>>> print(open('model_22.tsv').read())   # TSV, C-alpha atoms and all ligand atoms
chain	number	residue	atom	x	y	z
A	1	MET	CA	1.67	6.05	13.20
A	2	HIS	CA	-1.27	8.10	12.04
A	3	GLY	CA	-2.61	8.56	8.55
A	4	ARG	CA	-5.54	9.74	6.49
A	5	CYS	CA	-6.93	10.03	3.00
A	6	PHE	CA	-6.67	13.24	0.97
A	7	CYS	CA	-9.95	14.73	2.26
A	8	GLY	CA	-9.59	13.48	5.83
A	9	LYS	CA	-12.84	11.45	5.95
A	10	ILE	CA	-10.91	8.20	6.51
A	11	ARG	CA	-8.39	8.24	9.35
A	12	PHE	CA	-6.39	5.45	10.88
A	13	SER	CA	-3.65	4.80	13.39
A	14	THR	CA	-1.50	2.04	14.84
A	15	ALA	CA	1.01	1.87	17.67
A	16	LYS	CA	3.20	-0.55	15.67
A	17	ASP	CA	5.87	0.08	13.08
A	18	PRO	CA	5.39	-1.55	9.68
A	19	ASN	CA	6.77	-5.08	9.22
A	20	SER	CA	8.21	-3.96	5.88
A	21	VAL	CA	7.85	-1.31	3.19
A	22	VAL	CA	7.80	-2.36	-0.47
A	23	ASN	CA	7.54	-0.76	-3.89
A	24	CYS	CA	5.05	-2.82	-5.89
A	25	HIS	CA	5.33	-2.57	-9.66
A	26	CYS	CA	2.47	-4.97	-10.49
A	27	ASP	CA	-0.09	-4.00	-13.09
A	28	ASN	CA	-3.00	-4.15	-10.64
A	29	CYS	CA	-1.38	-1.59	-8.35
A	30	LYS	CA	-0.63	0.68	-11.30
A	31	ARG	CA	-4.25	0.61	-12.42
A	32	SER	CA	-5.98	0.90	-9.10
A	33	VAL	CA	-3.84	3.76	-7.82
A	34	GLY	CA	-3.17	5.39	-11.19
A	35	ALA	CA	0.54	5.66	-10.46
A	36	PRO	CA	3.63	4.05	-12.06
A	37	PHE	CA	4.21	1.99	-8.91
A	38	VAL	CA	2.92	1.96	-5.35
A	39	THR	CA	4.87	2.05	-2.11
A	40	TRP	CA	3.11	-0.02	0.53
A	41	ALA	CA	3.77	-0.02	4.27
A	42	VAL	CA	2.91	-3.52	5.52
A	43	PHE	CA	1.32	-3.49	8.98
A	44	GLU	CA	0.00	-6.13	11.34
A	45	LYS	CA	-3.67	-6.03	10.37
A	46	GLU	CA	-5.10	-6.22	13.87
A	47	SER	CA	-3.01	-3.27	15.02
A	48	VAL	CA	-4.56	-0.76	12.63
A	49	ILE	CA	-7.65	1.14	13.82
A	50	PHE	CA	-9.92	3.05	11.42
A	51	ASN	CA	-12.42	5.78	12.27
A	52	GLU	CA	-14.78	4.26	9.68
A	53	SER	CA	-14.69	1.61	6.97
A	54	PRO	CA	-13.58	2.79	3.55
A	55	LEU	CA	-15.18	1.62	0.28
A	56	ILE	CA	-14.16	-1.90	-0.77
A	57	HIS	CA	-13.23	-3.33	-4.15
A	58	THR	CA	-12.61	-7.08	-4.46
A	59	ALA	CA	-10.64	-8.24	-7.52
A	60	SER	CA	-10.87	-11.60	-9.28
A	61	ASN	CA	-7.69	-12.70	-7.48
A	62	ARG	CA	-9.52	-12.08	-4.15
A	63	ALA	CA	-7.38	-9.04	-3.31
A	64	ILE	CA	-9.39	-6.42	-1.46
A	65	ARG	CA	-8.48	-2.76	-1.92
A	66	THR	CA	-10.11	0.11	-0.10
A	67	PHE	CA	-10.74	3.70	-1.11
A	68	CYS	CA	-12.22	6.86	0.32
A	69	ALA	CA	-15.75	7.27	-1.06
A	70	THR	CA	-15.39	11.05	-1.04
A	71	CYS	CA	-11.91	11.78	-2.43
A	72	GLY	CA	-10.98	8.45	-4.04
A	73	THR	CA	-7.68	7.97	-2.24
A	74	SER	CA	-6.32	4.41	-2.40
A	75	ILE	CA	-5.84	3.42	1.21
A	76	THR	CA	-5.27	-0.32	1.76
A	77	TYR	CA	-4.56	-3.65	0.14
A	78	TRP	CA	-5.35	-7.01	1.73
A	79	HIS	CA	-5.13	-10.56	0.38
A	80	PRO	CA	-6.31	-13.78	2.08
A	81	ASN	CA	-2.90	-15.37	1.45
A	82	ARG	CA	-1.45	-12.85	3.94
A	83	LYS	CA	-4.50	-12.44	6.11
A	84	ASN	CA	-2.69	-11.07	9.16
A	85	GLU	CA	-1.13	-8.18	7.23
A	86	LEU	CA	-2.63	-4.97	5.88
A	87	ASP	CA	-0.77	-2.88	3.33
A	88	ILE	CA	-1.29	0.88	3.50
A	89	THR	CA	-0.24	3.35	0.82
A	90	VAL	CA	2.80	5.10	2.26
A	91	GLY	CA	1.55	8.41	0.85
A	92	CYS	CA	-1.41	8.29	3.27
A	93	LEU	CA	0.87	8.13	6.31
A	94	ASP	CA	1.43	11.37	8.19
A	95	GLU	CA	5.21	10.89	8.22
A	96	PRO	CA	6.04	8.92	5.07
A	97	GLU	CA	9.71	9.92	5.19
A	98	LYS	CA	10.07	7.64	8.21
A	99	TYR	CA	9.22	4.60	6.09
A	100	PRO	CA	11.58	4.15	3.13
A	101	PRO	CA	11.05	1.07	0.96
A	102	GLY	CA	13.23	-1.99	1.63
A	103	LYS	CA	12.59	-3.84	-1.61
A	104	ASN	CA	11.01	-3.77	-5.04
A	105	ILE	CA	8.51	-6.47	-5.99
A	106	TRP	CA	7.02	-7.44	-9.35
A	107	THR	CA	9.96	-5.76	-11.09
A	108	LYS	CA	9.29	-7.79	-14.22
A	109	LYS	CA	6.43	-5.32	-14.62
A	110	ARG	CA	8.48	-2.22	-13.76
A	111	LEU	CA	8.12	0.57	-16.30
A	112	CYS	CA	11.25	1.10	-18.39
A	113	TRP	CA	11.56	4.74	-17.28
A	114	ILE	CA	11.49	3.94	-13.56
A	115	GLU	CA	14.97	3.70	-12.14
A	116	ASN	CA	15.65	1.85	-8.93
A	117	PRO	CA	15.98	4.86	-6.60
A	118	ASP	CA	18.12	3.12	-4.03
A	119	ASP	CA	20.29	0.11	-3.65
A	120	ILE	CA	17.43	-2.11	-2.56
A	121	PRO	CA	16.75	-5.65	-3.77
A	122	ASP	CA	14.51	-6.43	-6.74
A	123	TYR	CA	12.15	-9.38	-6.87
A	124	SER	CA	10.79	-10.25	-10.29
A	125	ILE	CA	7.41	-11.34	-8.84
A	126	TYR	CA	5.99	-11.59	-5.34
A	127	PRO	CA	8.86	-13.05	-3.25
A	201	ZN	ZN	-11.09	11.08	1.50
A	202	ZN	ZN	0.96	-4.56	-6.60
>>> encode(input="model_22.tsv", output="structure tokens")
Amino acid sequence: MHGRCFCGKIRFSTAKDPNSVVNCHCDNCKRSVGAPFVTWAVFEKESVIFNESPLIHTASNRAIRTFCATCGTSITYWHPNRKNELDITVGCLDEPEKYPPGKNIWTKKRLCWIENPDDIPDYSIYP
């Protein structure tokens, strides 16, 4: 798998497939990405190689999100409670159609005008 931000400054790759792909409807994802929900591909952290380190934002809940300093693309999410995993925005992957979501999380925060696009399970909070 290869991927990059919008402008191409940040590039990354891994030889592994994602462990899972999830739609996250939490409020923090909405704000930080500026989208109604975010689809994350969850990779083994150590398997992902970056050409350079993106900008880092650490939230009060210790979640670390990264961004391209040039174009602002939201690239990754990492939390110490899942320290061996790195979530990558599926829209940054070169072949996002290969990675459909397998579940919805934080659906208690799902916007009323978002319909579940597929018959995939909902989890009210983080499962
Ligand atoms: Zn960029
Ligand atoms: Zn989220």
>>> closest_residue(input="model_22.tsv", among="A:Trp113, A:Trp40, A:Phe67, A:Tyr77", to="A:Pro101", atoms="only C-alpha atoms")
A:Trp40
>>> atom_distance(input="model_22.tsv", atom1="atom CA of A:Arg110", atom2="atom CA of A:Val90")
18.5 Å
>>> closest_atom_pairs(input="model_22.tsv", of="chain A", to="ligand ZN 201 (chain A)", cutoff="9 Å", atoms="only C-alpha atoms and all ligand atoms", output="CSV")
residue,atom,partner,partner_atom,distance
A:Arg4,CA,A:ZN201,ZN,7.6
A:Cys5,CA,A:ZN201,ZN,4.5
A:Phe6,CA,A:ZN201,ZN,4.9
A:Cys7,CA,A:ZN201,ZN,3.9
A:Gly8,CA,A:ZN201,ZN,5.2
A:Lys9,CA,A:ZN201,ZN,4.8
A:Ile10,CA,A:ZN201,ZN,5.8
A:Arg11,CA,A:ZN201,ZN,8.8
A:Pro54,CA,A:ZN201,ZN,8.9
A:Phe67,CA,A:ZN201,ZN,7.8
A:Cys68,CA,A:ZN201,ZN,4.5
A:Ala69,CA,A:ZN201,ZN,6.5
A:Thr70,CA,A:ZN201,ZN,5.0
A:Cys71,CA,A:ZN201,ZN,4.1
A:Gly72,CA,A:ZN201,ZN,6.1
A:Thr73,CA,A:ZN201,ZN,5.9
>>> closest_atom_pairs(input="model_22.tsv", of="chain A", to="ligand ZN 202 (chain A)", cutoff="8 Å", atoms="only C-alpha atoms and all ligand atoms", output="CSV")
residue,atom,partner,partner_atom,distance
A:Cys24,CA,A:ZN202,ZN,4.5
A:His25,CA,A:ZN202,ZN,5.7
A:Cys26,CA,A:ZN202,ZN,4.2
A:Asp27,CA,A:ZN202,ZN,6.6
A:Asn28,CA,A:ZN202,ZN,5.7
A:Cys29,CA,A:ZN202,ZN,4.2
A:Lys30,CA,A:ZN202,ZN,7.2
A:Phe37,CA,A:ZN202,ZN,7.7
A:Val38,CA,A:ZN202,ZN,6.9
A:Ile105,CA,A:ZN202,ZN,7.8
A:Trp106,CA,A:ZN202,ZN,7.3
>>> residues_near_point(input="model_22.tsv", point="(11.9, -11.6, -8.2)", cutoff="10 Å", atoms="all atoms listed in the file", output="PyMOL selection string")
chain A and resi 104-108+121-127
>>> atom_distance(input="model_22.tsv", atom1="atom CA of A:His57", atom2="atom CA of A:Pro100")
26.9 Å
